[in-house]
$ cat input_8.tsv   # TSV, C-alpha atoms
chain	number	residue	atom	x	y	z
A	614	MET	CA	-0.54	-26.28	-49.46
A	615	ALA	CA	-1.38	-26.28	-45.76
A	616	PRO	CA	0.74	-26.88	-42.67
A	617	ASP	CA	0.49	-30.30	-41.05
A	618	PRO	CA	-2.15	-29.77	-38.33
A	619	GLY	CA	-0.38	-32.18	-35.96
A	620	GLN	CA	3.08	-30.70	-36.40
A	621	SER	CA	2.92	-28.11	-33.62
A	622	ARG	CA	1.76	-30.76	-31.19
A	623	ARG	CA	4.45	-33.23	-32.27
A	624	ASP	CA	7.21	-30.63	-32.24
A	625	ARG	CA	6.23	-29.09	-28.90
A	626	PRO	CA	8.55	-31.22	-26.70
A	627	ALA	CA	11.64	-30.47	-28.77
A	628	TYR	CA	10.93	-26.76	-29.01
A	629	ALA	CA	10.05	-26.54	-25.33
A	630	ILE	CA	13.44	-27.93	-24.32
A	631	GLY	CA	15.31	-25.67	-26.71
A	632	LEU	CA	16.46	-28.23	-29.26
A	633	ALA	CA	15.03	-26.51	-32.30
A	634	ARG	CA	16.99	-23.30	-32.85
A	635	GLY	CA	16.33	-23.20	-36.57
A	636	ARG	CA	13.76	-24.84	-38.74
A	637	ARG	CA	14.37	-25.84	-42.34
A	638	ASP	CA	11.36	-25.46	-44.59
A	639	GLN	CA	11.24	-26.68	-48.17
A	640	SER	CA	8.71	-24.16	-49.51
A	641	VAL	CA	8.74	-25.38	-53.08
A	642	GLY	CA	5.09	-24.28	-53.32
A	643	ILE	CA	6.37	-20.74	-53.88
A	644	GLY	CA	8.54	-21.81	-56.81
A	645	ARG	CA	5.65	-23.77	-58.30
A	646	GLY	CA	3.25	-20.85	-57.91
A	647	LEU	CA	1.03	-22.73	-55.43
A	648	LEU	CA	1.82	-20.43	-52.51
A	649	ASP	CA	2.73	-16.78	-52.17
A	650	MET	CA	5.03	-15.17	-49.60
A	651	ALA	CA	2.08	-13.81	-47.60
A	652	SER	CA	0.72	-17.35	-47.19
A	653	LEU	CA	4.13	-18.74	-46.25
A	654	ASN	CA	4.58	-15.95	-43.71
A	655	ALA	CA	1.12	-16.74	-42.26
A	656	ILE	CA	2.07	-20.42	-41.91
A	657	HIS	CA	5.33	-19.49	-40.18
A	658	ALA	CA	3.54	-16.99	-37.89
A	659	LYS	CA	1.07	-19.71	-36.85
A	660	MET	CA	3.99	-22.07	-36.15
A	661	HIS	CA	5.79	-19.42	-34.08
A	662	ARG	CA	2.63	-18.73	-32.03
A	663	ALA	CA	2.07	-22.43	-31.34
A	664	VAL	CA	5.67	-22.97	-30.29
A	665	ASN	CA	5.65	-19.83	-28.12
A	666	GLN	CA	2.44	-20.98	-26.43
A	667	ALA	CA	4.19	-24.28	-25.64
A	668	GLY	CA	7.01	-22.36	-23.97
A	669	GLY	CA	9.51	-22.71	-26.81
A	670	ARG	CA	11.13	-20.35	-29.25
A	671	ILE	CA	12.24	-20.58	-32.85
A	672	GLU	CA	15.19	-18.32	-33.51
A	673	ALA	CA	15.08	-18.58	-37.30
A	674	VAL	CA	13.23	-20.24	-40.14
A	675	PHE	CA	15.17	-21.12	-43.27
A	676	TYR	CA	13.28	-21.85	-46.44
A	677	CYS	CA	14.01	-22.72	-50.03
A	678	PRO	CA	11.41	-21.69	-52.60
A	679	ASP	CA	13.30	-23.24	-55.52
A	680	THR	CA	11.98	-26.17	-57.53
A	681	ASP	CA	13.89	-29.41	-58.07
A	682	GLU	CA	14.55	-28.41	-61.67
A	683	SER	CA	16.49	-25.32	-60.54
A	684	GLN	CA	19.43	-27.42	-59.31
A	685	SER	CA	19.57	-25.04	-56.34
A	686	PRO	CA	22.14	-25.83	-53.64
A	687	CYS	CA	19.43	-25.36	-51.01
A	688	ARG	CA	17.10	-28.04	-52.41
A	689	LYS	CA	17.37	-31.38	-50.68
A	690	PRO	CA	19.32	-33.59	-50.94
A	691	ASN	CA	21.79	-30.73	-51.50
A	692	PRO	CA	23.10	-29.44	-48.17
A	693	GLY	CA	23.00	-25.68	-48.82
A	694	MET	CA	20.48	-24.86	-46.09
A	695	PHE	CA	22.43	-26.90	-43.55
A	696	TYR	CA	25.47	-24.75	-44.28
A	697	ALA	CA	23.38	-21.57	-43.92
A	698	ILE	CA	22.05	-22.75	-40.55
A	699	ALA	CA	25.55	-23.68	-39.34
A	700	GLU	CA	26.88	-20.26	-40.36
A	701	ARG	CA	23.97	-18.39	-38.75
A	702	PHE	CA	24.36	-20.17	-35.41
A	703	ASN	CA	28.13	-20.68	-35.60
A	704	VAL	CA	27.86	-24.43	-35.03
A	705	ALA	CA	29.66	-27.46	-36.43
A	706	LEU	CA	27.57	-29.91	-38.40
A	707	ASP	CA	29.75	-32.92	-37.68
A	708	GLN	CA	27.47	-35.45	-35.99
A	709	ALA	CA	24.73	-32.85	-35.37
A	710	PRO	CA	21.37	-34.61	-35.18
A	711	CYS	CA	19.39	-33.79	-38.34
A	712	VAL	CA	15.79	-34.95	-38.14
A	713	GLY	CA	13.59	-35.61	-41.14
A	714	ASP	CA	10.96	-37.90	-42.60
A	715	SER	CA	12.24	-38.33	-46.17
A	716	LEU	CA	15.25	-39.94	-47.79
A	717	ARG	CA	16.25	-36.54	-49.18
A	718	ASP	CA	16.31	-35.11	-45.62
A	719	LEU	CA	18.61	-37.91	-44.51
A	720	GLN	CA	20.85	-37.62	-47.57
A	721	ALA	CA	21.33	-33.88	-46.92
A	722	ALA	CA	22.23	-34.65	-43.29
A	723	ALA	CA	24.77	-37.27	-44.35
A	724	ALA	CA	26.27	-34.89	-46.94
A	725	VAL	CA	27.32	-32.48	-44.16
A	726	GLY	CA	28.53	-35.18	-41.76
A	727	GLY	CA	25.45	-34.84	-39.56
A	728	GLN	CA	23.67	-37.69	-37.79
A	729	PRO	CA	20.65	-38.61	-39.94
A	730	VAL	CA	17.57	-39.19	-37.77
A	731	LEU	CA	14.39	-40.57	-39.33
A	732	VAL	CA	11.05	-39.93	-37.63
A	733	LEU	CA	8.19	-42.24	-38.57
A	734	THR	CA	5.63	-39.44	-38.69
A	735	GLY	CA	4.72	-37.78	-41.98
A	736	LYS	CA	6.46	-39.71	-44.78
A	737	GLY	CA	8.78	-41.53	-42.36
A	738	ARG	CA	7.16	-44.98	-42.43
A	739	LYS	CA	7.18	-44.99	-46.23
A	740	THR	CA	10.80	-43.80	-46.25
A	741	ARG	CA	11.87	-46.62	-43.93
A	742	ALA	CA	9.97	-49.22	-45.98
A	743	GLN	CA	11.70	-48.08	-49.18
A	744	GLY	CA	15.10	-48.72	-47.61
A	745	SER	CA	18.47	-47.33	-48.77
A	746	LEU	CA	18.82	-45.12	-45.68
A	747	PRO	CA	22.22	-43.47	-45.21
A	748	GLU	CA	24.62	-45.42	-43.04
A	749	GLY	CA	24.17	-44.74	-39.34
A	750	THR	CA	20.59	-43.45	-39.63
A	751	THR	CA	18.72	-43.73	-36.34
A	752	VAL	CA	14.95	-44.18	-36.32
A	753	TYR	CA	12.41	-42.84	-33.82
A	754	SER	CA	8.63	-42.95	-33.65
A	755	ASP	CA	8.32	-39.14	-33.58
A	756	LEU	CA	10.08	-35.90	-32.70
A	757	ALA	CA	9.14	-36.22	-29.02
A	758	ALA	CA	11.07	-39.51	-28.85
A	759	VAL	CA	14.10	-37.84	-30.48
A	760	ALA	CA	13.95	-34.98	-27.97
A	761	GLN	CA	13.66	-37.36	-25.05
A	762	THR	CA	16.71	-39.32	-26.19
A	763	LEU	CA	18.81	-36.22	-26.83
A	764	CYS	CA	18.04	-34.89	-23.35
A	765	GLN	CA	19.12	-38.04	-21.50
$ encode --input "input_8.tsv" --output "structure tokens"
Amino acid sequence: MAPDPGQSRRDRPAYAIGLARGRRDQSVGIGRGLLDMASLNAIHAKMHRAVNQAGGRIEAVFYCPDTDESQSPCRKPNPGMFYAIAERFNVALDQAPCVGDSLRDLQAAAAVGGQPVLVLTGKGRKTRAQGSLPEGTTVYSDLAAVAQTLCQ
């Protein structure tokens, strides 16, 4: 399991303008035995360095190592991690923009009353083509387009 090599570049505009306070990470590779904590920490350290070099900052990374079979409240589409992020930053989730590229991301956003935002990078094009998006989902080409819209 390797980080998406284009992710730092795509995320740079949002991080640079301070939109990304916390990052949700579904690290199921740990639960499946494909990744150990040292590797996950190395991936997160690389992400932090790239974001810092772009002038941004990540205040926290939230991850869920549980597998789908665990029925964990933090596994998408369950909203457990959204609640943890809201508690950590003392923010309301109602209509908060929640960006993702999978239906499960969008379902978790809708479950907490957030604004589901689909980006067409990663799995996003496939997700849009499959349909059944939560009501009110907005669609953007990438995270930079989301950041630009939110800053207008």
$ atom_distance --input "input_8.tsv" --atom1 "atom CA of A:Lys739" --atom2 "atom CA of A:Asn691"
21.1 Å
$ atom_distance --input "input_8.tsv" --atom1 "atom CA of A:Cys764" --atom2 "atom CA of A:Val712"
15.0 Å
$ closest_residue --input "input_8.tsv" --among "A:Phe675, A:Thr751, A:Ala658, A:Gly644" --to "A:Arg701" --atoms "only C-alpha atoms"
A:Phe675
$ atom_distance --input "input_8.tsv" --atom1 "atom CA of A:Ala724" --atom2 "atom CA of A:Val759"
20.7 Å
$ closest_residue --input "input_8.tsv" --among "A:Thr762, A:Gln728, A:Asn665, A:Ser715" --to "A:Gln743" --atoms "all atoms listed in the file"
A:Ser715
$ closest_residue --input "input_8.tsv" --among "A:Gln765, A:Asp718, A:Glu700, A:Gly713" --to "A:Tyr753" --atoms "only C-alpha atoms"
A:Gly713
$ closest_residue --input "input_8.tsv" --among "A:Gly693, A:Asn703, A:Glu672, A:Arg741" --to "A:Ala721" --atoms "all atoms listed in the file"
A:Gly693
